[in-house]
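Notes follow the structure.
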Amino acid sequence: MRAKINIYLLEYAISSLLRQKFKTLFTVLVLSALIFLLTSVFFIANSIKYELQSTVDALPEIIVQKLGGGRHYDIVTSAVDEILEITGVGSASARVWGYYYFENAGVNFTLVGIDEFEEQYKKSFAYAAKELDFSRPTMMLGEGVKSVMDKNYYKEYFNFIKPDGTLKRVDIGGVFSGDTELESNDVIVMSKDDAREIFNMSENMATDIVVKVANEDEIATVASKIKLLYPDVRVITKDDIKISYQNIFDYKSGIFLTLFVVSLFTFFIIIYDKLSGLSSEERREIGVLKAIGWSVSDVLKEKFYESFIVSFFSYMSGVVLALFFVYILKAPLLQNIFTGYSQLKTSFTLSFVFDMQTLALIFFLSVPIYVAATIIPSYRGATLDADEVMR
Amino acid sequence: MIELKNITKIYEESKESSVTALKNINLTIKEGELVVLRGASGSGKSTILSLIASLAKPTSGEVVVDELRVSKLFDSFASAYRRESIGMIFQKYNLIPSLSVSENIILPLVPLNLHVKEVEDKLLSVLEKFHIAHKASALVKNLSGGEQQRVAIARANINNPKIILADEPTANLDEKLSLHFIEILRELKRDGKTIIVATHDPLFFDLDIVDRVLEINHGVLL
């Protein structure tokens, strides 16, 4: 019984590739490198997009900030009660947060104060609230902060320097993780009282107010009502933040687009070179094969096997290398282009996003095009009279 | 029986550089005959072999082999015809140097996708017949000229074709190896094969096994 795959033809295709091992190796290396680069770019972009989307999803619908001379000032907490009276508002809470510069490491931490009995506006804070010991100064750290503190030998507690120069000791209660790394990496969660003490903020003041609106269609109406109520505030909706994040992302992705275009350009030079014709040696081989009884379709099948092996192997190598580079090595160099705005400069793990569409796109951009670029000139060569080998 | 009827072959007919390789050739070769085509380089000997093997199409006229009009065959039929009926021996052997002797010999069988046992039986038979079984796994590039030619002959015979076409088969061989090749031809003729040898080697012209020597000059059969 005949096997469906012609093993002899496959063997011949492999031996043909090995016969030109340097050419084959070079092609595989170049193709793999291009596919690796493209796939890495897509993987990083997908992960960052996922991180950003998750961050945006976790945001409150409206943030209210007090402005003075165009700058952000603390807001009175009594505004919360007035905002709660606006129709459509689900909840409102005063946030206490700010940045703390840690000179030893040259990084900024984001300090967030939470209340034990308050409804938390982020899931990750709800987890931190459960773990936090509100009876004494304790804090929960994001992964990045924990790593920095460990490196600087702050294993059990940390002394914050208050604006008056005195120290505030806060014990390390543990590590908390957010829905995404971007969201929690540089964050320290502690009680609102501790945070206020570190920022020298009075009890009736907050950094800003977050408002949740049950019906998404009413966000704009509620925002305009708040603006009417407090003319000196800036009302930021979720959509505003989304646009702001998207702008940063789009700007950064321009750099990746350049890489993408360069990779495609190089790939098409290879394709053009292949399409430009067969070498005299290749033409002669096709002639010999035809003379000993191979048909045009046999020659094309063999060329298909050859090109498929090269391109598919390159595709798989490129993708596997990209997976390793992005998710194991954390994409050195490339990741920094996207994540340069992070407050904390420590590295973080990109979320694994398995996107079949991306893999399919790269597959269709590489394998079939390479196969076609091999088969087309072979077809031209195989359909010519093979009597050249006789002369 | 091989019949060439009013064959004319012009290469690159539509161009100014066109070359008329054959002019109005009529030739009949009976089954089992050994015919030598004699002529200088460029006289048209190889073109006749190409036309019989259906590797090229005549500009006019037709080639008929055992009532099959081979000059009119489509590619898939022409390749099947070559595989089953024609064994070709080339001047430069046209072997693939980096493949082993066995791998070269079974090349005509590759498209057939035969069962391994069937391929092995056919291979063993020609390896023994042409005395190269001891070199079966050697790479062709490591063989001498005479050994390479025996591999080429074995490849041409793996499908046990009725017709053997040899193009300048002794051009790259010394006298001793040429005589050895003639012995192989004698054996093939004894097997009843129709053999056409295109050559200008005088060694063939007075051989007892040769039935006819046909002179060709500037595409015309004399």
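Letters A, B, ... go to the chains of the structure tokens in the order shown; residues in each chain start at 1; ligands are counted from 1 in the same order.
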
Test item: chain A residues at most 12 Å from chain B, counting only C-alpha atoms, as an MDAnalysis selection string: chainID A and resid 1:21 281:282 284:302 382:391

Thr266 (chain A) surroundings by only C-alpha atoms, 10 Å radius, close-in-sequence under 6 positions cut, as a list in words: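 The residues that qualify are Val30, Leu31, Leu34 and Tyr272 of chain A.
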
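Comparing the minimum interatomic distances between Val19 (chain B) and each of B:Lys122, B:Arg69, B:Lys176, B:His218, counting only C-alpha atoms, we find that B:His218 sits nearest.
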
Contacts of region 184-198 of chain A within 7 Å, only C-alpha atoms, excl. fewer than 5 positions in-chain, as JSON, numbers by chain: {"A": [96, 109, 110, 111, 112, 113, 114, 115, 134, 137, 138, 139, 140, 141, 142, 143, 144, 145, 160, 162, 177, 178, 343, 344]}

From A:Asn46, A:Ser244, A:Asn152, A:Thr39, residue lying nearest Leu365 (chain A) [only C-alpha atoms]: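 Of all the options, A:Thr39 lies closest to Leu365 (chain A).
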
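Straight-line separation from CA of Phe42 (chain A) to CA of Phe268 (chain A): 19.3 Å.
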
Residue list (alpha helix (DSSP H), DSSP) for region 356-391 of chain A, as a ChimeraX atom specification: /A:356-383

Please produce an output containing N, CA and C atoms for each residue in the selection, written as a short mmCIF file (atom, residue, chain, number, x, y, z; two decimals), in the first residue's frame.
data_model
loop_
_atom_site.label_atom_id
_atom_site.label_comp_id
_atom_site.auth_asym_id
_atom_site.auth_seq_id
_atom_site.Cartn_x
_atom_site.Cartn_y
_atom_site.Cartn_z
N MET A 356 -3.67 33.68 18.75
CA MET A 356 -3.56 32.85 17.54
C MET A 356 -3.50 33.72 16.28
N GLN A 357 -4.21 34.85 16.33
CA GLN A 357 -4.24 35.73 15.16
C GLN A 357 -2.84 36.23 14.80
N THR A 358 -2.08 36.58 15.84
CA THR A 358 -0.72 37.07 15.60
C THR A 358 0.14 35.96 14.97
N LEU A 359 0.05 34.77 15.57
CA LEU A 359 0.85 33.65 15.05
C LEU A 359 0.43 33.31 13.62
N ALA A 360 -0.87 33.36 13.36
CA ALA A 360 -1.37 33.05 12.02
C ALA A 360 -0.91 34.12 11.04
N LEU A 361 -0.95 35.38 11.47
CA LEU A 361 -0.53 36.48 10.59
C LEU A 361 0.94 36.30 10.18
N ILE A 362 1.79 36.01 11.16
CA ILE A 362 3.22 35.84 10.86
C ILE A 362 3.43 34.60 10.00
N PHE A 363 2.65 33.55 10.27
CA PHE A 363 2.76 32.33 9.46
C PHE A 363 2.44 32.65 7.99
N PHE A 364 1.32 33.35 7.79
CA PHE A 364 0.91 33.63 6.40
C PHE A 364 1.80 34.67 5.73
N LEU A 365 2.47 35.48 6.55
CA LEU A 365 3.40 36.46 5.98
C LEU A 365 4.72 35.81 5.59
N SER A 366 5.01 34.64 6.15
CA SER A 366 6.33 34.05 5.90
C SER A 366 6.25 32.74 5.09
N VAL A 367 5.62 31.71 5.65
CA VAL A 367 5.71 30.37 5.04
C VAL A 367 5.13 30.32 3.61
N PRO A 368 3.86 30.68 3.38
CA PRO A 368 3.33 30.54 2.02
C PRO A 368 4.07 31.42 1.01
N ILE A 369 4.50 32.61 1.46
CA ILE A 369 5.19 33.52 0.52
C ILE A 369 6.53 32.90 0.11
N TYR A 370 7.24 32.35 1.09
CA TYR A 370 8.53 31.73 0.78
C TYR A 370 8.34 30.51 -0.13
N VAL A 371 7.32 29.70 0.18
CA VAL A 371 7.04 28.50 -0.63
C VAL A 371 6.73 28.92 -2.07
N ALA A 372 5.88 29.94 -2.20
CA ALA A 372 5.50 30.41 -3.55
C ALA A 372 6.73 30.94 -4.29
N ALA A 373 7.59 31.66 -3.56
CA ALA A 373 8.77 32.24 -4.20
C ALA A 373 9.75 31.16 -4.64
N THR A 374 9.66 29.97 -4.06
CA THR A 374 10.52 28.86 -4.49
C THR A 374 9.88 28.13 -5.66
N ILE A 375 8.57 27.95 -5.56
CA ILE A 375 7.89 27.13 -6.56
C ILE A 375 7.74 27.84 -7.91
N ILE A 376 7.52 29.15 -7.87
CA ILE A 376 7.28 29.85 -9.15
C ILE A 376 8.46 29.72 -10.12
N PRO A 377 9.70 30.06 -9.70
CA PRO A 377 10.82 29.87 -10.65
C PRO A 377 11.05 28.40 -11.00
N SER A 378 10.77 27.49 -10.04
CA SER A 378 10.94 26.06 -10.34
C SER A 378 9.94 25.63 -11.40
N TYR A 379 8.74 26.19 -11.32
CA TYR A 379 7.72 25.85 -12.34
C TYR A 379 8.20 26.32 -13.71
N ARG A 380 8.74 27.56 -13.72
CA ARG A 380 9.25 28.09 -14.99
C ARG A 380 10.33 27.16 -15.54
N GLY A 381 11.25 26.73 -14.66
CA GLY A 381 12.36 25.86 -15.08
C GLY A 381 11.87 24.49 -15.51
N ALA A 382 10.87 23.96 -14.78
CA ALA A 382 10.42 22.60 -15.06
C ALA A 382 9.56 22.50 -16.32
N THR A 383 8.96 23.62 -16.73
CA THR A 383 8.10 23.55 -17.92
C THR A 383 8.86 23.83 -19.22
#

DSSP strand (DSSP E) residues within region 39-212 of chain B, as a PyMOL selection string: chain B and resi 60-65+68-69+86-89+163-167+194-199+212

Save out the residues we just selected, N, CA and C atoms, as a PDB file, in the first residue's frame.
ATOM      1  N   SER B  60       8.216  20.402 -36.473  1.00  0.00           N
ATOM      2  CA  SER B  60       7.208  19.761 -37.332  1.00  0.00           C
ATOM      3  C   SER B  60       7.533  18.274 -37.429  1.00  0.00           C
ATOM      4  N   GLY B  61       6.553  17.510 -37.834  1.00  0.00           N
ATOM      5  CA  GLY B  61       6.717  16.058 -37.901  1.00  0.00           C
ATOM      6  C   GLY B  61       6.328  15.406 -36.585  1.00  0.00           C
ATOM      7  N   GLU B  62       6.460  14.089 -36.544  1.00  0.00           N
ATOM      8  CA  GLU B  62       6.121  13.430 -35.279  1.00  0.00           C
ATOM      9  C   GLU B  62       7.012  12.225 -34.992  1.00  0.00           C
ATOM     10  N   VAL B  63       7.100  11.919 -33.691  1.00  0.00           N
ATOM     11  CA  VAL B  63       7.882  10.768 -33.236  1.00  0.00           C
ATOM     12  C   VAL B  63       6.883   9.745 -32.696  1.00  0.00           C
ATOM     13  N   VAL B  64       6.980   8.524 -33.204  1.00  0.00           N
ATOM     14  CA  VAL B  64       6.060   7.479 -32.752  1.00  0.00           C
ATOM     15  C   VAL B  64       6.895   6.324 -32.188  1.00  0.00           C
ATOM     16  N   VAL B  65       6.591   5.928 -30.957  1.00  0.00           N
ATOM     17  CA  VAL B  65       7.293   4.795 -30.341  1.00  0.00           C
ATOM     18  C   VAL B  65       6.243   3.753 -29.961  1.00  0.00           C
ATOM     19  N   LEU B  68       2.839   4.873 -30.033  1.00  0.00           N
ATOM     20  CA  LEU B  68       2.513   5.996 -29.150  1.00  0.00           C
ATOM     21  C   LEU B  68       3.151   7.258 -29.728  1.00  0.00           C
ATOM     22  N   ARG B  69       2.319   8.278 -29.989  1.00  0.00           N
ATOM     23  CA  ARG B  69       2.850   9.512 -30.602  1.00  0.00           C
ATOM     24  C   ARG B  69       3.482  10.355 -29.479  1.00  0.00           C
ATOM     25  N   ILE B  86      12.123   4.499 -21.302  1.00  0.00           N
ATOM     26  CA  ILE B  86      13.423   5.061 -21.719  1.00  0.00           C
ATOM     27  C   ILE B  86      14.440   5.000 -20.570  1.00  0.00           C
ATOM     28  N   GLY B  87      15.655   4.588 -20.920  1.00  0.00           N
ATOM     29  CA  GLY B  87      16.770   4.689 -19.976  1.00  0.00           C
ATOM     30  C   GLY B  87      17.810   5.587 -20.619  1.00  0.00           C
ATOM     31  N   MET B  88      18.183   6.644 -19.910  1.00  0.00           N
ATOM     32  CA  MET B  88      19.110   7.600 -20.529  1.00  0.00           C
ATOM     33  C   MET B  88      20.482   7.554 -19.872  1.00  0.00           C
ATOM     34  N   ILE B  89      21.514   7.529 -20.746  1.00  0.00           N
ATOM     35  CA  ILE B  89      22.895   7.574 -20.239  1.00  0.00           C
ATOM     36  C   ILE B  89      23.532   8.825 -20.832  1.00  0.00           C
ATOM     37  N   ILE B 163      13.992   0.843 -24.195  1.00  0.00           N
ATOM     38  CA  ILE B 163      14.884   1.648 -25.049  1.00  0.00           C
ATOM     39  C   ILE B 163      15.985   2.296 -24.198  1.00  0.00           C
ATOM     40  N   ILE B 164      17.227   2.169 -24.677  1.00  0.00           N
ATOM     41  CA  ILE B 164      18.354   2.827 -24.004  1.00  0.00           C
ATOM     42  C   ILE B 164      18.907   3.895 -24.954  1.00  0.00           C
ATOM     43  N   LEU B 165      18.973   5.121 -24.450  1.00  0.00           N
ATOM     44  CA  LEU B 165      19.539   6.215 -25.246  1.00  0.00           C
ATOM     45  C   LEU B 165      20.844   6.648 -24.580  1.00  0.00           C
ATOM     46  N   ALA B 166      21.943   6.568 -25.320  1.00  0.00           N
ATOM     47  CA  ALA B 166      23.243   6.933 -24.747  1.00  0.00           C
ATOM     48  C   ALA B 166      23.848   8.075 -25.547  1.00  0.00           C
ATOM     49  N   ASP B 167      24.139   9.179 -24.850  1.00  0.00           N
ATOM     50  CA  ASP B 167      24.677  10.359 -25.528  1.00  0.00           C
ATOM     51  C   ASP B 167      26.162  10.493 -25.218  1.00  0.00           C
ATOM     52  N   THR B 194      16.306  -2.032 -27.217  1.00  0.00           N
ATOM     53  CA  THR B 194      16.612  -1.196 -28.378  1.00  0.00           C
ATOM     54  C   THR B 194      17.578  -0.126 -27.893  1.00  0.00           C
ATOM     55  N   ILE B 195      18.724   0.002 -28.585  1.00  0.00           N
ATOM     56  CA  ILE B 195      19.760   0.928 -28.086  1.00  0.00           C
ATOM     57  C   ILE B 195      20.148   1.917 -29.177  1.00  0.00           C
ATOM     58  N   ILE B 196      20.162   3.183 -28.799  1.00  0.00           N
ATOM     59  CA  ILE B 196      20.633   4.210 -29.742  1.00  0.00           C
ATOM     60  C   ILE B 196      21.785   4.953 -29.072  1.00  0.00           C
ATOM     61  N   VAL B 197      22.942   4.937 -29.750  1.00  0.00           N
ATOM     62  CA  VAL B 197      24.122   5.594 -29.192  1.00  0.00           C
ATOM     63  C   VAL B 197      24.498   6.759 -30.098  1.00  0.00           C
ATOM     64  N   ALA B 198      24.531   7.971 -29.526  1.00  0.00           N
ATOM     65  CA  ALA B 198      25.001   9.135 -30.291  1.00  0.00           C
ATOM     66  C   ALA B 198      26.469   9.336 -29.932  1.00  0.00           C
ATOM     67  N   THR B 199      27.354   9.225 -30.919  1.00  0.00           N
ATOM     68  CA  THR B 199      28.787   9.315 -30.592  1.00  0.00           C
ATOM     69  C   THR B 199      29.622   9.692 -31.822  1.00  0.00           C
ATOM     70  N   ARG B 212      23.393  -0.818 -37.193  1.00  0.00           N
ATOM     71  CA  ARG B 212      23.497   0.229 -38.207  1.00  0.00           C
ATOM     72  C   ARG B 212      24.278   1.416 -37.663  1.00  0.00           C
TER      73      ARG B 212
END
